[in-house]
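Chemist: Sharing work_27.cif here; it has mmCIF, C-alpha atoms and all ligand atoms; chains and numbers go by the auth columns.
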data_target
loop_
_atom_site.group_PDB
_atom_site.id
_atom_site.type_symbol
_atom_site.label_atom_id
_atom_site.label_comp_id
_atom_site.label_asym_id
_atom_site.label_seq_id
_atom_site.Cartn_x
_atom_site.Cartn_y
_atom_site.Cartn_z
_atom_site.B_iso_or_equiv
_atom_site.auth_seq_id
_atom_site.auth_asym_id
ATOM 1 C CA VAL A 1 0.000 0.000 0.000 0.00 1 A
ATOM 2 C CA THR A 2 1.427 3.350 -1.012 0.00 2 A
ATOM 3 C CA ALA A 3 1.265 6.317 1.304 0.00 3 A
ATOM 4 C CA GLY A 4 -0.134 8.693 -1.229 0.00 4 A
ATOM 5 C CA GLN A 5 -2.563 9.186 -4.064 0.00 5 A
ATOM 6 C CA GLN A 6 -2.357 9.868 -7.768 0.00 6 A
ATOM 7 C CA CYS A 7 -4.577 11.964 -9.997 0.00 7 A
ATOM 8 C CA ASP A 8 -6.407 9.711 -12.465 0.00 8 A
ATOM 9 C CA ASN A 9 -6.230 12.411 -15.126 0.00 9 A
ATOM 10 C CA CYS A 10 -2.833 14.129 -15.032 0.00 10 A
ATOM 11 C CA ARG A 11 -1.031 11.469 -12.939 0.00 11 A
ATOM 12 C CA LYS A 12 0.108 14.024 -10.409 0.00 12 A
ATOM 13 C CA PHE A 13 1.097 12.539 -7.071 0.00 13 A
ATOM 14 C CA GLY A 14 -0.011 13.878 -3.726 0.00 14 A
ATOM 15 C CA VAL A 15 -0.163 12.885 -0.110 0.00 15 A
ATOM 16 C CA SER A 16 -3.185 10.879 1.008 0.00 16 A
ATOM 17 C CA HIS A 17 -6.298 12.921 1.635 0.00 17 A
ATOM 18 C CA ALA A 18 -4.593 16.175 0.719 0.00 18 A
ATOM 19 C CA PRO A 19 -6.897 19.204 0.879 0.00 19 A
ATOM 20 C CA GLY A 20 -8.500 20.146 -2.419 0.00 20 A
ATOM 21 C CA TRP A 21 -8.362 16.689 -3.973 0.00 21 A
ATOM 22 C CA LEU A 22 -11.599 15.216 -5.272 0.00 22 A
ATOM 23 C CA TYR A 23 -12.896 11.664 -5.337 0.00 23 A
ATOM 24 C CA LEU A 24 -15.367 10.294 -7.856 0.00 24 A
ATOM 25 C CA ILE A 25 -17.280 7.355 -6.456 0.00 25 A
ATOM 26 C CA ALA A 26 -19.270 4.972 -8.627 0.00 26 A
ATOM 27 C CA LEU A 27 -22.683 4.378 -7.102 0.00 27 A
ATOM 28 C CA PRO A 28 -25.102 1.478 -7.617 0.00 28 A
ATOM 29 C CA PRO A 29 -27.263 1.654 -10.779 0.00 29 A
ATOM 30 C CA GLU A 30 -30.329 2.767 -8.874 0.00 30 A
ATOM 31 C CA MET A 31 -28.610 6.042 -8.086 0.00 31 A
ATOM 32 C CA PRO A 32 -29.227 8.731 -10.719 0.00 32 A
ATOM 33 C CA SER A 33 -25.717 10.123 -10.962 0.00 33 A
ATOM 34 C CA PRO A 34 -22.207 9.701 -9.663 0.00 34 A
ATOM 35 C CA LEU A 35 -21.464 11.328 -6.379 0.00 35 A
ATOM 36 C CA LEU A 36 -18.724 13.874 -6.529 0.00 36 A
ATOM 37 C CA ALA A 37 -17.417 14.848 -3.177 0.00 37 A
ATOM 38 C CA ALA A 38 -14.309 16.314 -1.652 0.00 38 A
ATOM 39 C CA LEU A 39 -14.078 14.039 1.322 0.00 39 A
ATOM 40 C CA GLY A 40 -11.290 13.331 3.704 0.00 40 A
ATOM 41 C CA GLY A 41 -12.325 9.716 4.101 0.00 41 A
ATOM 42 C CA VAL A 42 -13.848 7.713 1.285 0.00 42 A
ATOM 43 C CA GLN A 43 -15.623 4.437 1.940 0.00 43 A
ATOM 44 C CA SER A 44 -15.542 3.150 -1.630 0.00 44 A
ATOM 45 C CA ALA A 45 -12.876 0.591 -2.451 0.00 45 A
ATOM 46 C CA GLU A 46 -11.540 2.194 -5.616 0.00 46 A
ATOM 47 C CA PRO A 47 -12.689 5.791 -6.041 0.00 47 A
ATOM 48 C CA LEU A 48 -11.303 7.799 -8.902 0.00 48 A
ATOM 49 C CA THR A 49 -8.975 10.462 -7.594 0.00 49 A
ATOM 50 C CA PHE A 50 -8.385 13.911 -9.022 0.00 50 A
ATOM 51 C CA CYS A 51 -6.119 16.741 -7.904 0.00 51 A
ATOM 52 C CA CYS A 52 -8.479 19.492 -9.029 0.00 52 A
ATOM 53 C CA VAL A 53 -11.873 20.159 -10.601 0.00 53 A
ATOM 54 C CA ARG A 54 -10.238 20.773 -13.978 0.00 54 A
ATOM 55 C CA CYS A 55 -8.923 17.212 -14.009 0.00 55 A
ATOM 56 C CA VAL A 56 -12.404 15.892 -13.157 0.00 56 A
ATOM 57 C CA ALA A 57 -13.824 17.784 -16.127 0.00 57 A
ATOM 58 C CA GLU A 58 -11.065 16.642 -18.486 0.00 58 A
ATOM 59 C CA TYR A 59 -11.435 13.031 -17.380 0.00 59 A
ATOM 60 C CA ALA A 60 -15.217 13.173 -17.781 0.00 60 A
ATOM 61 C CA TYR A 61 -14.796 14.631 -21.284 0.00 61 A
ATOM 62 C CA VAL A 62 -12.399 11.878 -22.320 0.00 62 A
ATOM 63 C CA MET A 63 -14.748 9.233 -20.940 0.00 63 A
ATOM 64 C CA ALA A 64 -17.711 10.779 -22.752 0.00 64 A
ATOM 65 C CA VAL A 65 -15.822 10.851 -26.058 0.00 65 A
ATOM 66 C CA ALA A 66 -14.669 7.255 -25.616 0.00 66 A
ATOM 67 C CA GLU A 67 -18.183 6.109 -24.782 0.00 67 A
ATOM 68 C CA ALA A 68 -19.636 7.935 -27.780 0.00 68 A
ATOM 69 C CA ALA A 69 -17.008 6.433 -30.074 0.00 69 A
ATOM 70 C CA GLY A 70 -17.687 2.936 -28.812 0.00 70 A
ATOM 71 C CA THR A 71 -21.463 3.128 -29.012 0.00 71 A
ATOM 72 C CA GLU A 72 -22.163 4.715 -32.368 0.00 72 A
ATOM 73 C CA PRO A 73 -25.785 4.259 -33.379 0.00 73 A
ATOM 74 C CA GLN A 74 -26.476 1.789 -36.148 0.00 74 A
ATOM 75 C CA PRO A 75 -27.441 3.366 -39.496 0.00 75 A
HETATM 76 ZN ZN ZN B . -4.770 16.187 -11.942 0.00 1 B
#
Transcribe the structure of this file into structure tokens.
Modeler:
Amino acid sequence: VTAGQQCDNCRKFGVSHAPGWLYLIALPPEMPSPLLAALGGVQSAEPLTFCCVRCVAEYAYVMAVAEAAGTEPQP
């Protein structure tokens, strides 16, 4: 186990639970949307970690583009 965390977008390293970092937690399907929270302690096993809101937005954009590319509607 490493004593730190890494941004899932820009790969920046930081100390665990550093102030200002954000964690994106995947919720069960019955929940309407992902929960985005800047929490000191996260219960989820593998939350996505971001160093700033900009990285959250960039990551979400990349994911949206990838999803759109992989699920093109049939003609
Ligand atoms: Zn980052």
Chemist: Kindly give the distance, in Å, that separates CA of Met63 (chain A) and CA of Asn9 (chain A), rounded to a single decimal.
Modeler: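 Separation between CA of Met63 (chain A) and CA of Asn9 (chain A): 10.8 Å.
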Chemist: Spell out the residues picked by the PyMOL selection byres (((chain A and resi 8) around 10) and not hetatm) here, as a PDB file with C-alpha atoms, in the coordinates of the input.
Modeler:
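In the end it all went to part28.pdb:
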ATOM      1  CA  GLN A   5      -2.563   9.186  -4.064  1.00  0.00           C
ATOM      2  CA  GLN A   6      -2.357   9.868  -7.768  1.00  0.00           C
ATOM      3  CA  CYS A   7      -4.577  11.964  -9.997  1.00  0.00           C
ATOM      4  CA  ASN A   9      -6.230  12.411 -15.126  1.00  0.00           C
ATOM      5  CA  CYS A  10      -2.833  14.129 -15.032  1.00  0.00           C
ATOM      6  CA  ARG A  11      -1.031  11.469 -12.939  1.00  0.00           C
ATOM      7  CA  LYS A  12       0.108  14.024 -10.409  1.00  0.00           C
ATOM      8  CA  PHE A  13       1.097  12.539  -7.071  1.00  0.00           C
ATOM      9  CA  TYR A  23     -12.896  11.664  -5.337  1.00  0.00           C
ATOM     10  CA  PRO A  47     -12.689   5.791  -6.041  1.00  0.00           C
ATOM     11  CA  LEU A  48     -11.303   7.799  -8.902  1.00  0.00           C
ATOM     12  CA  THR A  49      -8.975  10.462  -7.594  1.00  0.00           C
ATOM     13  CA  PHE A  50      -8.385  13.911  -9.022  1.00  0.00           C
ATOM     14  CA  CYS A  51      -6.119  16.741  -7.904  1.00  0.00           C
ATOM     15  CA  CYS A  55      -8.923  17.212 -14.009  1.00  0.00           C
ATOM     16  CA  VAL A  56     -12.404  15.892 -13.157  1.00  0.00           C
ATOM     17  CA  TYR A  59     -11.435  13.031 -17.380  1.00  0.00           C
TER      18      TYR A  59
END
Chemist: Select, from A:Ala60, A:Ala18, A:Val53, A:Leu24, the residue with the minimum atom-to-atom distance to ligand ZN 1 (chain B), counting only C-alpha atoms and all ligand atoms.
Modeler: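 Between A:Ala60, A:Ala18, A:Val53, A:Leu24, the residue approaching ligand ZN 1 (chain B) most closely is A:Val53.
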Chemist: Pick out the closest residue to ligand ZN 1 (chain B) from this set: A:Ile25, A:Ala57, A:Ser16, A:Ala3. Count all atoms listed in the file.
Modeler: A:Ala57
Chemist: Would you please work out which residue, of A:Ala64, A:Ala69, A:Pro75, A:Arg54, is nearest to ligand ZN 1 (chain B) when using only C-alpha atoms and all ligand atoms?
Modeler: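 Between A:Ala64, A:Ala69, A:Pro75, A:Arg54, the residue approaching ligand ZN 1 (chain B) most closely is A:Arg54.
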